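Pasted below: upload-v6.txt, compact mmCIF, C-alpha atoms.
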# COMPACT_ATOMS: atom_id res chain seq x y z
CA ASP A 310 -25.16 -47.76 39.44
CA ASP A 311 -28.91 -47.72 40.10
CA LYS A 312 -30.46 -47.30 36.63
CA SER A 313 -33.89 -46.41 38.03
CA TYR A 314 -33.01 -42.73 38.51
CA TYR A 315 -30.62 -39.94 37.51
CA LEU A 316 -28.87 -37.56 39.92
CA ILE A 317 -28.73 -34.11 38.36
CA ASN A 318 -26.49 -31.18 39.29
CA GLY A 319 -26.07 -27.84 37.55
CA SER A 320 -27.53 -24.40 37.05
CA LYS A 321 -28.95 -22.30 34.22
CA LEU A 322 -29.67 -18.59 33.94
CA TRP A 323 -32.53 -16.84 32.12
CA ILE A 324 -35.27 -19.42 32.66
CA SER A 325 -38.61 -18.01 31.48
CA ASN A 326 -41.59 -18.40 33.85
CA ALA A 327 -39.35 -20.11 36.41
CA LYS A 328 -41.28 -18.71 39.39
CA GLU A 329 -44.62 -19.88 38.02
CA ALA A 330 -43.57 -23.24 36.57
CA GLY A 331 -44.95 -26.46 38.00
CA VAL A 332 -42.75 -28.60 35.75
CA PHE A 333 -39.32 -27.94 34.23
CA LEU A 334 -38.28 -29.25 30.82
CA LEU A 335 -34.64 -30.03 31.53
CA PHE A 336 -31.83 -30.92 29.14
CA ALA A 337 -28.91 -32.61 30.90
CA ASN A 338 -26.04 -34.81 29.75
CA ALA A 339 -26.72 -38.37 30.87
CA ASP A 340 -23.43 -39.58 29.40
CA PRO A 341 -20.78 -36.80 29.15
CA ALA A 342 -18.36 -39.16 27.40
CA LYS A 343 -20.66 -39.07 24.36
CA GLY A 344 -20.64 -35.26 24.14
CA TYR A 345 -23.85 -33.79 22.72
CA LYS A 346 -25.08 -37.31 21.94
CA GLY A 347 -25.46 -37.84 25.68
CA VAL A 348 -27.84 -34.90 26.14
CA THR A 349 -31.22 -36.13 27.34
CA ALA A 350 -34.55 -34.41 27.96
CA PHE A 351 -36.31 -34.77 31.33
CA MET A 352 -39.61 -33.62 32.79
CA VAL A 353 -38.90 -32.54 36.37
CA ASP A 354 -41.41 -31.55 39.05
CA ALA A 355 -40.54 -27.98 40.10
CA GLN A 356 -41.14 -28.95 43.75
CA SER A 357 -38.48 -31.67 43.68
CA GLU A 358 -35.98 -31.58 46.53
CA GLY A 359 -32.75 -29.83 45.56
CA ILE A 360 -34.22 -27.32 43.08
CA THR A 361 -33.69 -23.65 43.87
CA VAL A 362 -35.27 -20.86 41.83
CA GLY A 363 -33.39 -17.56 42.21
CA ASN A 364 -34.66 -14.00 42.15
CA PRO A 365 -36.29 -12.72 38.94
CA GLU A 366 -34.28 -10.48 36.64
CA ASN A 367 -35.36 -6.82 36.62
CA LYS A 368 -36.05 -6.75 32.90
CA LEU A 369 -36.76 -3.94 30.47
CA GLY A 370 -39.80 -5.70 29.01
CA LEU A 371 -41.88 -8.88 29.26
CA ARG A 372 -42.23 -8.05 32.93
CA ALA A 373 -45.33 -10.22 33.42
CA SER A 374 -43.11 -13.26 32.86
CA SER A 375 -40.52 -14.12 35.49
CA THR A 376 -36.98 -14.85 34.29
CA CYS A 377 -34.82 -16.50 36.94
CA PRO A 378 -31.74 -18.64 37.52
CA VAL A 379 -32.52 -22.27 38.44
CA THR A 380 -30.09 -24.51 40.34
CA PHE A 381 -30.21 -28.31 40.67
CA GLU A 382 -28.33 -29.85 43.60
CA ASP A 383 -28.40 -33.64 43.72
CA VAL A 384 -31.91 -33.70 42.28
CA LYS A 385 -33.15 -37.27 41.96
CA VAL A 386 -35.10 -37.77 38.72
CA ASP A 387 -36.75 -41.10 37.91
CA ALA A 388 -35.76 -42.81 34.69
CA SER A 389 -39.47 -42.82 33.84
CA ASP A 390 -39.28 -39.01 33.64
CA VAL A 391 -37.02 -39.11 30.58
CA LEU A 392 -38.83 -37.34 27.74
CA GLY A 393 -38.42 -39.27 24.51
CA ASP A 394 -35.26 -41.33 24.13
CA VAL A 395 -32.03 -41.13 26.10
CA GLY A 396 -29.37 -39.28 24.10
CA LEU A 397 -31.76 -37.48 21.75
CA GLY A 398 -32.19 -34.37 23.89
CA TYR A 399 -29.94 -32.22 21.71
CA LYS A 400 -32.01 -33.08 18.63
CA TYR A 401 -35.25 -32.29 20.47
CA CYS A 402 -33.81 -28.99 21.71
CA ILE A 403 -32.74 -27.83 18.25
CA ASN A 404 -36.14 -28.75 16.82
CA ILE A 405 -37.89 -26.79 19.56
CA LEU A 406 -35.62 -23.80 18.91
CA ASN A 407 -36.30 -23.84 15.17
CA GLU A 408 -40.05 -24.04 15.69
CA GLY A 409 -39.90 -21.43 18.44
CA ARG A 410 -38.52 -18.85 16.02
CA ILE A 411 -41.83 -18.92 14.19
CA GLY A 412 -43.51 -18.20 17.53
CA ILE A 413 -41.26 -15.22 18.17
CA GLY A 414 -42.06 -13.95 14.69
CA ALA A 415 -45.76 -14.17 15.54
CA GLN A 416 -45.17 -12.31 18.80
CA GLN A 417 -43.35 -9.51 16.99
CA VAL A 418 -46.02 -9.21 14.30
CA GLY A 419 -48.61 -8.97 17.05
CA ILE A 420 -46.70 -6.21 18.81
CA ALA A 421 -46.34 -4.24 15.57
CA LYS A 422 -50.06 -4.57 14.82
CA GLY A 423 -50.87 -3.58 18.40
CA CYS A 424 -48.83 -0.40 17.98
CA MET A 425 -50.84 0.48 14.88
CA ASP A 426 -54.09 -0.25 16.73
CA VAL A 427 -53.13 2.31 19.38
CA ALA A 428 -51.51 4.99 17.23
CA LEU A 429 -53.65 5.22 14.11
CA PRO A 430 -57.03 5.95 15.80
CA TYR A 431 -55.29 8.62 17.88
CA MET A 432 -53.80 10.24 14.76
CA LEU A 433 -57.22 10.27 13.10
CA GLU A 434 -58.75 11.96 16.14
CA ARG A 435 -55.96 14.36 17.14
CA LYS A 436 -55.95 17.59 15.15
CA GLN A 437 -53.30 20.22 14.52
CA PHE A 438 -54.00 23.39 12.50
CA GLY A 439 -57.54 22.13 11.97
CA THR A 440 -56.38 18.87 10.30
CA ALA A 441 -56.17 15.35 11.67
CA ILE A 442 -52.54 14.31 12.15
CA ALA A 443 -53.20 11.22 10.03
CA ASP A 444 -54.22 13.41 7.07
CA PHE A 445 -50.88 15.17 6.69
CA GLN A 446 -49.04 13.69 3.71
CA GLY A 447 -45.81 13.33 5.65
CA MET A 448 -47.63 11.20 8.22
CA GLU A 449 -49.53 9.20 5.60
CA HIS A 450 -46.26 8.13 4.02
CA GLN A 451 -44.89 6.98 7.37
CA TYR A 452 -47.76 4.79 8.50
CA ALA A 453 -48.46 3.46 5.00
CA GLN A 454 -44.85 2.33 4.71
CA LEU A 455 -44.90 0.58 8.09
CA ALA A 456 -48.30 -1.00 7.43
CA THR A 457 -46.78 -2.50 4.29
CA GLU A 458 -43.83 -3.87 6.26
CA ILE A 459 -46.16 -5.35 8.88
CA HIS A 460 -48.14 -7.05 6.12
CA ALA A 461 -44.94 -8.43 4.60
CA ALA A 462 -43.85 -9.81 7.99
CA GLU A 463 -47.25 -11.41 8.51
CA VAL A 464 -47.16 -13.08 5.09
CA MET A 465 -43.67 -14.41 5.88
CA LEU A 466 -45.02 -15.71 9.18
CA TYR A 467 -47.90 -17.63 7.61
CA ASN A 468 -45.59 -19.03 4.96
CA ALA A 469 -43.24 -20.41 7.64
CA CYS A 470 -46.24 -21.91 9.44
CA ARG A 471 -47.48 -23.45 6.18
CA LEU A 472 -44.12 -25.08 5.52
CA LYS A 473 -43.84 -26.43 9.07
CA GLU A 474 -47.36 -27.87 9.07
CA ALA A 475 -46.78 -29.49 5.67
CA GLY A 476 -43.64 -31.21 6.91
CA LEU A 477 -41.47 -29.28 4.47
CA PRO A 478 -38.10 -27.61 5.20
CA PHE A 479 -38.82 -24.43 7.13
CA ILE A 480 -35.70 -23.51 9.11
CA LYS A 481 -34.54 -20.76 6.72
CA GLU A 482 -38.01 -19.22 6.58
CA ALA A 483 -38.34 -19.41 10.39
CA SER A 484 -35.07 -17.52 10.78
CA MET A 485 -36.14 -15.00 8.16
CA VAL A 486 -39.46 -14.21 9.81
CA LYS A 487 -37.91 -13.91 13.27
CA LEU A 488 -35.23 -11.59 11.92
CA TYR A 489 -37.54 -9.41 9.85
CA ALA A 490 -40.53 -9.30 12.20
CA SER A 491 -38.32 -8.23 15.12
CA GLN A 492 -36.89 -5.42 12.98
CA VAL A 493 -40.35 -4.29 11.91
CA ALA A 494 -41.76 -4.44 15.45
CA GLU A 495 -38.92 -2.33 16.81
CA LYS A 496 -39.38 0.24 14.04
CA VAL A 497 -43.17 0.43 14.42
CA ALA A 498 -43.01 0.58 18.23
CA SER A 499 -40.55 3.46 18.07
CA LYS A 500 -42.53 5.36 15.43
CA SER A 501 -45.84 4.87 17.22
CA ILE A 502 -44.47 6.68 20.27
CA GLU A 503 -43.40 9.56 18.03
CA TRP A 504 -46.83 9.66 16.37
CA LEU A 505 -48.55 9.79 19.75
CA GLY A 506 -46.36 12.69 20.85
CA GLY A 507 -45.93 13.43 24.54
CA ILE A 508 -48.60 11.02 25.73
CA GLY A 509 -46.83 8.22 23.87
CA PHE A 510 -43.84 8.78 26.12
CA THR A 511 -45.95 8.16 29.24
CA LYS A 512 -47.33 4.99 30.80
CA ASP A 513 -50.87 6.29 30.22
CA LEU A 514 -50.91 4.39 26.91
CA ILE A 515 -49.64 0.91 26.14
CA ALA A 516 -47.29 2.08 23.38
CA GLU A 517 -44.35 2.36 25.76
CA LYS A 518 -44.91 -1.25 26.87
CA PHE A 519 -44.85 -2.44 23.26
CA TYR A 520 -41.60 -0.52 22.81
CA ARG A 521 -40.03 -2.27 25.81
CA ASP A 522 -41.42 -5.70 24.99
CA CYS A 523 -40.32 -5.84 21.36
CA LYS A 524 -36.61 -5.32 22.00
CA VAL A 525 -35.99 -8.85 23.17
CA GLY A 526 -37.21 -10.13 19.79
CA SER A 527 -33.76 -9.53 18.33
CA ILE A 528 -32.09 -11.32 21.25
CA TYR A 529 -33.81 -14.51 22.43
CA GLU A 530 -34.34 -17.76 20.47
CA GLY A 531 -31.14 -16.80 18.64
CA THR A 532 -29.93 -13.24 18.08
CA SER A 533 -30.46 -11.44 14.78
CA ASN A 534 -26.84 -12.17 13.81
CA ILE A 535 -27.44 -15.88 14.42
CA GLN A 536 -30.50 -15.72 12.16
CA LEU A 537 -28.39 -14.11 9.43
CA GLN A 538 -25.76 -16.83 9.77
CA THR A 539 -28.42 -19.54 9.59
CA ILE A 540 -30.04 -18.00 6.51
CA ALA A 541 -26.69 -17.63 4.73
CA LYS A 542 -25.66 -21.20 5.58
CA LEU A 543 -28.90 -22.64 4.22
CA MET A 544 -28.75 -20.49 1.09
CA LYS A 545 -25.29 -21.88 0.31
CA ALA A 546 -26.44 -25.42 1.06
CA GLU A 547 -29.29 -25.05 -1.45
CA LEU A 548 -26.75 -24.36 -4.20
CA ALA A 549 -24.27 -27.08 -3.20
Could you quickly redo this structure as structure tokens?
Amino acid sequence: DDKSYYLINGSKLWISNAKEAGVFLLFANADPAKGYKGVTAFMVDAQSEGITVGNPENKLGLRASSTCPVTFEDVKVDASDVLGDVGLGYKYCINILNEGRIGIGAQQVGIAKGCMDVALPYMLERKQFGTAIADFQGMEHQYAQLATEIHAAEVMLYNACRLKEAGLPFIKEASMVKLYASQVAEKVASKSIEWLGGIGFTKDLIAEKFYRDCKVGSIYEGTSNIQLQTIAKLMKAELA
């Protein structure tokens, strides 16, 4: 009955940077009877009594960032730690997710460009039969094609950013760039290892890290299938 604080219980898996976090952005239902309209955002000190951070997942990629389960057991959170308005947490969460897809698109474009930065100089330097690998026509066609796809993804990225900053509808474009950039990054990361040959398959070069890191791009912040559903839904809405 004391309205000065909330008592929070629950757990959530796959929390990024959980081990390093000093503050948790928490979404919890302050009024379950209202369904999603009761969801509220809180800022919670990570050192609060009752919070337990579990062991990090042993992930394929993004290994510099911890990903852990977090459990809240009778955690007392002051009413002053509500972020925004009570009951608007779901709205805030969806907005963050939509914006975050642009960020994932940027991450994937960066990975793809990083792969090119590693592989292309090597192909220009490495020679077979007296000719640089990059000068064989079969190789030229491969990296020219992927450079074009990287450029297309980057243009899509900046367009989504432009729309968001201008306060225009951007959700479809955010889903598109996340979907496409993650596909391009995965393709370029895979090809760059092939272009580098045996050394690309070792940890001596960073290409293998790019290959591991890019895979999650088609999974988090909404899977690729979710992006396709979102795009299709918005396309139909535009014609309604």
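The spacing separating CA of Ala494 in chain A from CA of Glu366 in chain A amounts to 23.3 Å.
Taking CA of Met448 in chain A and CA of Lys422 in chain A as endpoints, the distance between them is 17.3 Å.
Note that the spacing between CA of Trp504 in chain A and CA of Ala516 in chain A amounts to 10.3 Å.
Residues within 9 Å of range 535-540 of chain A, counting all atoms listed in the file and excluding same-chain residues fewer than 2 positions away, are Ile480, Lys481, Glu482, Ala483, Ser484, Met485, Lys487, Leu488, Gly531, Thr532, Ser533, Lys542, Leu543, Met544 and Lys545 of chain A.
Minimum atom-to-atom distances from A:Tyr399, A:Phe381, A:Phe336, A:Phe438 to Phe351 in chain A were compared using all atoms listed in the file, and the lowest value belongs to A:Phe336.
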